[in-house]
$ cat model-v8.cif   # mmCIF, N, CA and C atoms and all ligand atoms
data_coords
#
loop_
_atom_site.label_atom_id
_atom_site.label_comp_id
_atom_site.auth_asym_id
_atom_site.auth_seq_id
_atom_site.Cartn_x
_atom_site.Cartn_y
_atom_site.Cartn_z
N MET A 1371 -0.40 -17.52 28.18
CA MET A 1371 -0.66 -16.20 27.61
C MET A 1371 -0.11 -16.15 26.18
N LYS A 1372 -0.90 -15.61 25.26
CA LYS A 1372 -0.46 -15.48 23.87
C LYS A 1372 0.10 -14.07 23.66
N VAL A 1373 1.21 -13.97 22.94
CA VAL A 1373 1.79 -12.67 22.61
C VAL A 1373 1.91 -12.60 21.09
N TYR A 1374 1.28 -11.63 20.49
CA TYR A 1374 1.30 -11.46 19.03
C TYR A 1374 2.40 -10.48 18.65
N LEU A 1375 3.35 -10.93 17.84
CA LEU A 1375 4.49 -10.08 17.49
C LEU A 1375 4.59 -9.83 15.99
N ASP A 1376 3.47 -9.91 15.29
CA ASP A 1376 3.52 -9.71 13.84
C ASP A 1376 2.60 -8.57 13.40
N ASN A 1377 2.57 -7.52 14.21
CA ASN A 1377 1.67 -6.40 13.90
C ASN A 1377 2.04 -5.64 12.64
N ASN A 1378 3.25 -5.81 12.15
CA ASN A 1378 3.59 -5.13 10.90
C ASN A 1378 2.94 -5.85 9.71
N ALA A 1379 2.62 -7.13 9.87
CA ALA A 1379 1.98 -7.88 8.78
C ALA A 1379 0.47 -7.65 8.80
N THR A 1380 -0.13 -7.82 9.95
CA THR A 1380 -1.56 -7.53 10.11
C THR A 1380 -1.80 -7.28 11.59
N THR A 1381 -2.74 -6.40 11.85
CA THR A 1381 -2.92 -6.01 13.25
C THR A 1381 -4.40 -5.89 13.59
N LYS A 1382 -4.67 -5.94 14.87
CA LYS A 1382 -6.06 -5.79 15.33
C LYS A 1382 -6.54 -4.39 14.97
N VAL A 1383 -7.76 -4.33 14.48
CA VAL A 1383 -8.30 -3.03 14.11
C VAL A 1383 -8.80 -2.32 15.37
N ASP A 1384 -8.42 -1.06 15.50
CA ASP A 1384 -8.82 -0.26 16.65
C ASP A 1384 -10.35 -0.16 16.69
N GLU A 1385 -10.90 -0.25 17.92
CA GLU A 1385 -12.36 -0.23 18.07
C GLU A 1385 -13.01 1.00 17.44
N GLU A 1386 -12.34 2.13 17.54
CA GLU A 1386 -12.86 3.37 16.96
C GLU A 1386 -12.97 3.25 15.43
N VAL A 1387 -12.00 2.56 14.85
CA VAL A 1387 -12.01 2.35 13.40
C VAL A 1387 -13.14 1.40 13.01
N VAL A 1388 -13.29 0.34 13.80
CA VAL A 1388 -14.38 -0.63 13.54
C VAL A 1388 -15.72 0.11 13.57
N LYS A 1389 -15.89 0.96 14.59
CA LYS A 1389 -17.16 1.71 14.75
C LYS A 1389 -17.39 2.63 13.54
N ALA A 1390 -16.32 3.31 13.12
CA ALA A 1390 -16.46 4.25 12.00
C ALA A 1390 -16.75 3.51 10.69
N MET A 1391 -16.23 2.28 10.57
CA MET A 1391 -16.39 1.53 9.32
C MET A 1391 -17.71 0.76 9.23
N MET A 1392 -18.32 0.46 10.37
CA MET A 1392 -19.51 -0.40 10.39
C MET A 1392 -20.59 0.00 9.38
N PRO A 1393 -20.93 1.30 9.25
CA PRO A 1393 -21.99 1.65 8.29
C PRO A 1393 -21.66 1.26 6.86
N TYR A 1394 -20.36 1.15 6.55
CA TYR A 1394 -19.96 0.83 5.18
C TYR A 1394 -19.97 -0.67 4.89
N PHE A 1395 -20.27 -1.46 5.91
CA PHE A 1395 -20.45 -2.90 5.69
C PHE A 1395 -21.92 -3.25 5.57
N SER A 1396 -22.80 -2.30 5.95
CA SER A 1396 -24.22 -2.65 5.96
C SER A 1396 -25.11 -1.63 5.27
N ASP A 1397 -24.92 -0.35 5.55
CA ASP A 1397 -25.83 0.67 5.01
C ASP A 1397 -25.31 1.35 3.74
N TYR A 1398 -24.03 1.61 3.71
CA TYR A 1398 -23.44 2.32 2.56
C TYR A 1398 -22.41 1.40 1.90
N TYR A 1399 -22.79 0.77 0.84
CA TYR A 1399 -21.91 -0.24 0.23
C TYR A 1399 -21.78 -0.07 -1.28
N GLY A 1400 -22.24 1.07 -1.78
CA GLY A 1400 -22.15 1.29 -3.23
C GLY A 1400 -20.71 1.49 -3.67
N ASN A 1401 -20.44 1.14 -4.91
CA ASN A 1401 -19.11 1.38 -5.48
C ASN A 1401 -18.90 2.89 -5.54
N PRO A 1402 -17.87 3.41 -4.85
CA PRO A 1402 -17.70 4.88 -4.80
C PRO A 1402 -17.46 5.53 -6.16
N PHE A 1403 -17.19 4.73 -7.17
CA PHE A 1403 -16.98 5.31 -8.50
C PHE A 1403 -18.23 5.23 -9.37
N SER A 1404 -19.29 4.64 -8.82
CA SER A 1404 -20.54 4.55 -9.58
C SER A 1404 -21.29 5.88 -9.52
N LEU A 1405 -22.08 6.14 -10.53
CA LEU A 1405 -22.77 7.44 -10.61
C LEU A 1405 -24.09 7.47 -9.85
N HIS A 1406 -24.59 6.30 -9.42
CA HIS A 1406 -25.88 6.29 -8.73
C HIS A 1406 -25.75 6.76 -7.27
N LEU A 1407 -26.90 6.94 -6.61
CA LEU A 1407 -26.93 7.47 -5.25
C LEU A 1407 -26.05 6.67 -4.29
N PHE A 1408 -26.11 5.34 -4.41
CA PHE A 1408 -25.31 4.49 -3.50
C PHE A 1408 -23.82 4.80 -3.67
N GLY A 1409 -23.43 5.00 -4.91
CA GLY A 1409 -22.03 5.34 -5.20
C GLY A 1409 -21.68 6.74 -4.72
N ASN A 1410 -22.61 7.67 -4.86
CA ASN A 1410 -22.35 9.05 -4.40
C ASN A 1410 -22.08 9.09 -2.91
N GLU A 1411 -22.87 8.30 -2.16
CA GLU A 1411 -22.71 8.29 -0.69
C GLU A 1411 -21.33 7.79 -0.29
N THR A 1412 -20.91 6.67 -0.87
CA THR A 1412 -19.60 6.12 -0.49
C THR A 1412 -18.47 6.95 -1.12
N GLY A 1413 -18.74 7.50 -2.30
CA GLY A 1413 -17.74 8.35 -2.95
C GLY A 1413 -17.41 9.55 -2.08
N LEU A 1414 -18.43 10.14 -1.47
CA LEU A 1414 -18.23 11.28 -0.57
C LEU A 1414 -17.39 10.86 0.64
N ALA A 1415 -17.70 9.67 1.16
CA ALA A 1415 -16.95 9.17 2.33
C ALA A 1415 -15.48 8.95 1.97
N VAL A 1416 -15.22 8.43 0.79
CA VAL A 1416 -13.82 8.19 0.37
C VAL A 1416 -13.10 9.53 0.19
N THR A 1417 -13.81 10.50 -0.40
CA THR A 1417 -13.22 11.83 -0.59
C THR A 1417 -12.86 12.46 0.76
N GLU A 1418 -13.78 12.33 1.72
CA GLU A 1418 -13.52 12.88 3.06
C GLU A 1418 -12.36 12.16 3.74
N ALA A 1419 -12.31 10.83 3.59
CA ALA A 1419 -11.22 10.05 4.20
C ALA A 1419 -9.89 10.47 3.58
N ARG A 1420 -9.88 10.66 2.26
CA ARG A 1420 -8.64 11.07 1.57
C ARG A 1420 -8.17 12.43 2.08
N GLN A 1421 -9.13 13.35 2.26
CA GLN A 1421 -8.79 14.69 2.76
C GLN A 1421 -8.25 14.62 4.19
N THR A 1422 -8.89 13.81 5.02
CA THR A 1422 -8.46 13.67 6.42
C THR A 1422 -7.03 13.16 6.49
N ILE A 1423 -6.74 12.11 5.71
CA ILE A 1423 -5.39 11.54 5.72
C ILE A 1423 -4.38 12.55 5.18
N ALA A 1424 -4.76 13.25 4.12
CA ALA A 1424 -3.87 14.26 3.53
C ALA A 1424 -3.55 15.34 4.56
N ASP A 1425 -4.56 15.79 5.30
CA ASP A 1425 -4.35 16.81 6.32
C ASP A 1425 -3.38 16.31 7.40
N ILE A 1426 -3.58 15.06 7.82
CA ILE A 1426 -2.75 14.51 8.90
C ILE A 1426 -1.29 14.45 8.49
N ILE A 1427 -1.03 14.00 7.26
CA ILE A 1427 0.39 13.85 6.86
C ILE A 1427 0.87 15.03 6.00
N LYS A 1428 0.05 16.08 5.97
CA LYS A 1428 0.40 17.32 5.24
C LYS A 1428 0.75 17.03 3.77
N ALA A 1429 -0.18 16.30 3.13
CA ALA A 1429 -0.03 15.99 1.70
C ALA A 1429 -1.22 16.58 0.97
N LYS A 1430 -1.19 16.46 -0.36
CA LYS A 1430 -2.35 16.87 -1.14
C LYS A 1430 -3.27 15.66 -1.26
N PRO A 1431 -4.58 15.86 -1.28
CA PRO A 1431 -5.48 14.71 -1.42
C PRO A 1431 -5.15 13.87 -2.66
N SER A 1432 -4.70 14.54 -3.72
CA SER A 1432 -4.38 13.79 -4.95
C SER A 1432 -3.16 12.88 -4.78
N GLU A 1433 -2.42 13.08 -3.69
CA GLU A 1433 -1.24 12.24 -3.44
C GLU A 1433 -1.58 11.00 -2.61
N ILE A 1434 -2.83 10.91 -2.16
CA ILE A 1434 -3.24 9.75 -1.36
C ILE A 1434 -3.86 8.71 -2.27
N ILE A 1435 -3.27 7.54 -2.29
CA ILE A 1435 -3.79 6.45 -3.14
C ILE A 1435 -4.14 5.28 -2.24
N PHE A 1436 -5.39 4.88 -2.29
CA PHE A 1436 -5.82 3.72 -1.50
C PHE A 1436 -5.60 2.46 -2.32
N THR A 1437 -5.04 1.44 -1.69
CA THR A 1437 -4.88 0.15 -2.36
C THR A 1437 -5.62 -0.90 -1.53
N ALA A 1438 -5.82 -2.05 -2.13
CA ALA A 1438 -6.56 -3.11 -1.45
C ALA A 1438 -5.65 -4.03 -0.64
N SER A 1439 -4.34 -3.89 -0.80
CA SER A 1439 -3.45 -4.79 -0.07
C SER A 1439 -2.03 -4.24 -0.05
N GLY A 1440 -1.23 -4.84 0.80
CA GLY A 1440 0.18 -4.47 0.86
C GLY A 1440 0.88 -4.82 -0.45
N SER A 1441 0.54 -5.96 -1.01
CA SER A 1441 1.18 -6.39 -2.26
C SER A 1441 0.87 -5.41 -3.39
N GLU A 1442 -0.36 -4.95 -3.44
CA GLU A 1442 -0.74 -3.99 -4.48
C GLU A 1442 0.02 -2.67 -4.29
N ALA A 1443 0.16 -2.26 -3.02
CA ALA A 1443 0.89 -1.02 -2.73
C ALA A 1443 2.36 -1.15 -3.12
N ASP A 1444 2.96 -2.31 -2.80
CA ASP A 1444 4.36 -2.56 -3.20
C ASP A 1444 4.51 -2.42 -4.71
N ASN A 1445 3.63 -3.10 -5.42
CA ASN A 1445 3.68 -3.09 -6.89
C ASN A 1445 3.57 -1.68 -7.44
N LEU A 1446 2.58 -0.97 -6.94
CA LEU A 1446 2.33 0.39 -7.42
C LEU A 1446 3.52 1.31 -7.18
N ALA A 1447 4.05 1.25 -5.96
CA ALA A 1447 5.17 2.14 -5.60
C ALA A 1447 6.43 1.78 -6.39
N ILE A 1448 6.77 0.50 -6.42
CA ILE A 1448 8.02 0.09 -7.08
C ILE A 1448 7.94 0.34 -8.59
N ARG A 1449 6.86 -0.10 -9.21
CA ARG A 1449 6.74 0.11 -10.67
C ARG A 1449 6.67 1.61 -11.00
N GLY A 1450 5.96 2.36 -10.16
CA GLY A 1450 5.82 3.79 -10.41
C GLY A 1450 7.17 4.49 -10.37
N ILE A 1451 7.95 4.21 -9.32
CA ILE A 1451 9.28 4.84 -9.18
C ILE A 1451 10.21 4.36 -10.29
N ALA A 1452 10.21 3.05 -10.53
CA ALA A 1452 11.12 2.50 -11.55
C ALA A 1452 10.85 3.14 -12.91
N LYS A 1453 9.61 3.24 -13.26
CA LYS A 1453 9.28 3.79 -14.59
C LYS A 1453 9.47 5.31 -14.64
N ALA A 1454 9.15 6.00 -13.55
CA ALA A 1454 9.30 7.46 -13.55
C ALA A 1454 10.77 7.88 -13.65
N TYR A 1455 11.67 7.04 -13.11
CA TYR A 1455 13.09 7.42 -13.08
C TYR A 1455 13.95 6.58 -14.02
N LYS A 1456 13.34 5.86 -14.94
CA LYS A 1456 14.15 4.97 -15.79
C LYS A 1456 15.13 5.76 -16.68
N HIS A 1457 14.82 7.05 -16.93
CA HIS A 1457 15.74 7.88 -17.71
C HIS A 1457 17.05 8.13 -16.96
N ARG A 1458 17.05 7.89 -15.64
CA ARG A 1458 18.26 8.09 -14.83
C ARG A 1458 19.04 6.80 -14.63
N GLY A 1459 18.50 5.70 -15.11
CA GLY A 1459 19.19 4.42 -14.97
C GLY A 1459 18.20 3.31 -14.69
N LYS A 1460 18.58 2.10 -15.07
CA LYS A 1460 17.67 0.98 -14.89
C LYS A 1460 18.28 -0.11 -14.00
N HIS A 1461 19.15 0.33 -13.07
CA HIS A 1461 19.75 -0.62 -12.13
C HIS A 1461 19.13 -0.41 -10.76
N ILE A 1462 18.50 -1.46 -10.24
CA ILE A 1462 17.83 -1.37 -8.94
C ILE A 1462 18.57 -2.28 -7.96
N ILE A 1463 18.81 -1.73 -6.77
CA ILE A 1463 19.47 -2.54 -5.73
C ILE A 1463 18.48 -2.77 -4.60
N THR A 1464 18.30 -4.03 -4.23
CA THR A 1464 17.37 -4.38 -3.17
C THR A 1464 18.05 -5.43 -2.28
N SER A 1465 17.32 -5.99 -1.34
CA SER A 1465 17.95 -7.00 -0.48
C SER A 1465 17.17 -8.31 -0.56
N THR A 1466 17.83 -9.38 -0.19
CA THR A 1466 17.22 -10.71 -0.28
C THR A 1466 16.14 -10.93 0.79
N ILE A 1467 16.05 -10.03 1.77
CA ILE A 1467 15.07 -10.25 2.84
C ILE A 1467 13.70 -9.63 2.55
N GLU A 1468 13.55 -9.05 1.37
CA GLU A 1468 12.27 -8.37 1.07
C GLU A 1468 11.11 -9.37 0.98
N HIS A 1469 9.92 -8.86 1.22
CA HIS A 1469 8.70 -9.66 1.10
C HIS A 1469 8.57 -10.15 -0.35
N PRO A 1470 8.01 -11.35 -0.57
CA PRO A 1470 7.86 -11.85 -1.95
C PRO A 1470 7.16 -10.86 -2.89
N ALA A 1471 6.23 -10.07 -2.37
CA ALA A 1471 5.54 -9.10 -3.24
C ALA A 1471 6.52 -8.07 -3.79
N VAL A 1472 7.53 -7.74 -2.99
CA VAL A 1472 8.56 -6.79 -3.42
C VAL A 1472 9.53 -7.50 -4.38
N LYS A 1473 10.02 -8.66 -3.93
CA LYS A 1473 11.00 -9.41 -4.73
C LYS A 1473 10.43 -9.75 -6.11
N ASN A 1474 9.19 -10.23 -6.13
CA ASN A 1474 8.60 -10.64 -7.42
C ASN A 1474 8.35 -9.46 -8.34
N THR A 1475 8.10 -8.29 -7.76
CA THR A 1475 7.93 -7.10 -8.60
C THR A 1475 9.26 -6.75 -9.26
N PHE A 1476 10.35 -6.84 -8.51
CA PHE A 1476 11.66 -6.56 -9.09
C PHE A 1476 12.00 -7.59 -10.17
N ILE A 1477 11.69 -8.85 -9.90
CA ILE A 1477 11.98 -9.90 -10.90
C ILE A 1477 11.18 -9.61 -12.17
N ASP A 1478 9.93 -9.19 -11.99
CA ASP A 1478 9.10 -8.86 -13.16
C ASP A 1478 9.67 -7.67 -13.93
N LEU A 1479 10.21 -6.70 -13.20
CA LEU A 1479 10.80 -5.52 -13.87
C LEU A 1479 12.02 -5.91 -14.71
N MET A 1480 12.67 -7.00 -14.33
CA MET A 1480 13.83 -7.47 -15.13
C MET A 1480 13.38 -7.79 -16.56
N GLU A 1481 12.14 -8.27 -16.69
CA GLU A 1481 11.64 -8.56 -18.03
C GLU A 1481 11.42 -7.29 -18.85
N ASP A 1482 11.34 -6.16 -18.15
CA ASP A 1482 11.22 -4.86 -18.85
C ASP A 1482 12.59 -4.21 -19.02
N GLY A 1483 13.64 -4.97 -18.82
CA GLY A 1483 14.99 -4.45 -19.07
C GLY A 1483 15.70 -3.86 -17.87
N PHE A 1484 15.12 -3.96 -16.68
CA PHE A 1484 15.80 -3.45 -15.48
C PHE A 1484 16.83 -4.49 -15.00
N GLU A 1485 17.95 -3.98 -14.50
CA GLU A 1485 18.95 -4.86 -13.90
C GLU A 1485 18.73 -4.80 -12.39
N VAL A 1486 18.63 -5.94 -11.75
CA VAL A 1486 18.34 -5.95 -10.31
C VAL A 1486 19.46 -6.67 -9.56
N THR A 1487 19.99 -6.00 -8.54
CA THR A 1487 20.99 -6.62 -7.68
C THR A 1487 20.35 -6.85 -6.32
N MET A 1488 20.39 -8.10 -5.85
CA MET A 1488 19.85 -8.40 -4.52
C MET A 1488 21.02 -8.59 -3.57
N VAL A 1489 21.10 -7.72 -2.58
CA VAL A 1489 22.20 -7.75 -1.62
C VAL A 1489 21.84 -8.69 -0.49
N HIS A 1490 22.74 -9.60 -0.20
CA HIS A 1490 22.53 -10.54 0.90
C HIS A 1490 22.91 -9.85 2.21
N LEU A 1491 22.00 -9.77 3.16
CA LEU A 1491 22.28 -9.10 4.43
C LEU A 1491 22.79 -10.12 5.44
N MET A 1492 23.88 -9.79 6.08
CA MET A 1492 24.44 -10.68 7.10
C MET A 1492 24.45 -10.00 8.45
N LYS A 1493 24.13 -10.74 9.47
CA LYS A 1493 24.20 -10.20 10.83
C LYS A 1493 25.66 -10.19 11.27
N MET A 1494 26.12 -9.04 11.78
CA MET A 1494 27.49 -8.94 12.25
C MET A 1494 27.54 -9.31 13.73
N VAL A 1495 28.42 -10.16 14.08
CA VAL A 1495 28.57 -10.56 15.49
C VAL A 1495 30.02 -10.35 15.91
N LEU A 1496 30.23 -9.72 17.06
CA LEU A 1496 31.60 -9.50 17.56
C LEU A 1496 32.10 -10.72 18.31
C1 LIG A 1501 6.28 -5.42 2.62
C2 LIG A 1501 5.02 -6.25 2.52
N1 LIG A 1501 4.39 -6.34 1.35
C3 LIG A 1501 3.27 -7.09 1.21
C4 LIG A 1501 2.73 -7.77 2.28
C5 LIG A 1501 1.51 -8.59 2.05
O1 LIG A 1501 0.40 -7.81 2.25
P1 LIG A 1501 -1.00 -8.26 1.62
O2 LIG A 1501 -1.30 -9.61 2.16
O3 LIG A 1501 -1.95 -7.20 2.11
O4 LIG A 1501 -0.87 -8.26 0.12
C6 LIG A 1501 3.35 -7.71 3.53
C7 LIG A 1501 2.81 -8.46 4.68
O5 LIG A 1501 3.47 -8.69 5.65
C8 LIG A 1501 4.52 -6.93 3.66
O6 LIG A 1501 5.17 -6.84 4.83
#
$ encode --input "model-v8.cif" --output "structure tokens"
Amino acid sequence: MKVYLDNNATTKVDEEVVKAMMPYFSDYYGNPFSLHLFGNETGLAVTEARQTIADIIKAKPSEIIFTASGSEADNLAIRGIAKAYKHRGKHIITSTIEHPAVKNTFIDLMEDGFEVTMVHLMKMVL
């Protein structure tokens, strides 16, 4: 028997999600930012999806940002916060166990003058 224990990295897509997404792999595939009809159709679907997610987590639709990957989301969040709050200080504390997408973003921020401290986490044993 196989047991998959890495669902935080990638997980099986729920059948209901697969069903809902199928039309967008075959019938509706226009770039949602394009002005033509194909784009309008998918653009409407993205707007509706953004509203649905916003309603579920009680956010504003403008606060929902779709990214293409976890690494892109890490980059966006870390750089966004670092730059928005740089007037309060440029020292960031993180840990050595972070995903490379997180670690490399912090290393890159060092080139923009941020000081980064990586804390080594140790397991405590009695
Ligand atoms: C925190 C974190 N960032 C980034 C990734 C990588 O995601 P992607 O392959 O979608 O860029 C993972 C995957 O496990 C992750 O856990």
$ residues_near_ligand --input "model-v8.cif" --ligand "ligand LIG 1501 (chain A)" --cutoff "7 Å" --atoms "only N, CA and C atoms and all ligand atoms" --output "PyMOL selection string"
chain A and resi 1378-1380+1438-1444+1468-1472
$ select_by_dssp --input "model-v8.cif" --residues "chain A" --states "strand (DSSP E)" --output "list in words"
His1461, Ile1462, Ile1463, Thr1464, Ser1465, Glu1485, Val1486, Thr1487, Met1488 and Val1489 of chain A
$ atom_distance --input "model-v8.cif" --atom1 "atom C of A:Val1489" --atom2 "atom C of A:Ile1462"
10.4 Å
$ atom_distance --input "model-v8.cif" --atom1 "atom N of A:Glu1386" --atom2 "atom N of A:Lys1428"
22.0 Å
$ decode --input "model-v8.cif" --residues "stretch 1411-1460 of chain A" --atoms "C-alpha atoms" --output "tab-separated table (two decimals), in the first residue's frame"
chain	number	residue	atom	x	y	z
A	1411	GLU	CA	-15.37	34.57	-21.34
A	1412	THR	CA	-12.40	33.51	-19.24
A	1413	GLY	CA	-12.06	36.98	-17.73
A	1414	LEU	CA	-15.61	36.68	-16.39
A	1415	ALA	CA	-14.79	33.25	-14.94
A	1416	VAL	CA	-11.70	34.64	-13.18
A	1417	THR	CA	-13.71	37.57	-11.81
A	1418	GLU	CA	-16.35	35.17	-10.47
A	1419	ALA	CA	-13.69	32.88	-8.96
A	1420	ARG	CA	-12.03	35.88	-7.28
A	1421	GLN	CA	-15.39	36.98	-5.83
A	1422	THR	CA	-16.18	33.46	-4.60
A	1423	ILE	CA	-12.83	33.14	-2.82
A	1424	ALA	CA	-13.15	36.65	-1.36
A	1425	ASP	CA	-16.60	35.79	0.01
A	1426	ILE	CA	-15.34	32.55	1.57
A	1427	ILE	CA	-12.44	34.19	3.41
A	1428	LYS	CA	-14.28	37.49	3.97
A	1429	ALA	CA	-11.82	39.55	1.94
A	1430	LYS	CA	-12.23	42.10	-0.81
A	1431	PRO	CA	-11.92	40.75	-4.36
A	1432	SER	CA	-9.06	43.21	-4.92
A	1433	GLU	CA	-7.15	41.45	-2.13
A	1434	ILE	CA	-7.18	38.10	-3.97
A	1435	ILE	CA	-4.10	37.60	-6.14
A	1436	PHE	CA	-3.75	34.48	-8.23
A	1437	THR	CA	-0.24	33.23	-8.86
A	1438	ALA	CA	1.02	30.44	-11.07
A	1439	SER	CA	3.08	28.70	-8.40
A	1440	GLY	CA	4.08	28.54	-4.78
A	1441	SER	CA	7.45	30.08	-5.60
A	1442	GLU	CA	5.79	33.04	-7.30
A	1443	ALA	CA	3.49	33.51	-4.29
A	1444	ASP	CA	6.47	33.39	-1.89
A	1445	ASN	CA	8.28	36.01	-3.95
A	1446	LEU	CA	5.29	38.29	-4.20
A	1447	ALA	CA	4.43	38.12	-0.50
A	1448	ILE	CA	7.98	38.47	0.83
A	1449	ARG	CA	9.06	41.25	-1.54
A	1450	GLY	CA	5.74	43.04	-1.07
A	1451	ILE	CA	5.97	43.03	2.74
A	1452	ALA	CA	9.70	43.82	2.78
A	1453	LYS	CA	9.29	46.82	0.52
A	1454	ALA	CA	6.05	48.08	2.08
A	1455	TYR	CA	7.61	48.10	5.57
A	1456	LYS	CA	11.22	49.02	4.78
A	1457	HIS	CA	10.66	52.42	6.44
A	1458	ARG	CA	10.31	50.47	9.73
A	1459	GLY	CA	13.57	48.59	9.31
A	1460	LYS	CA	15.43	46.38	6.89
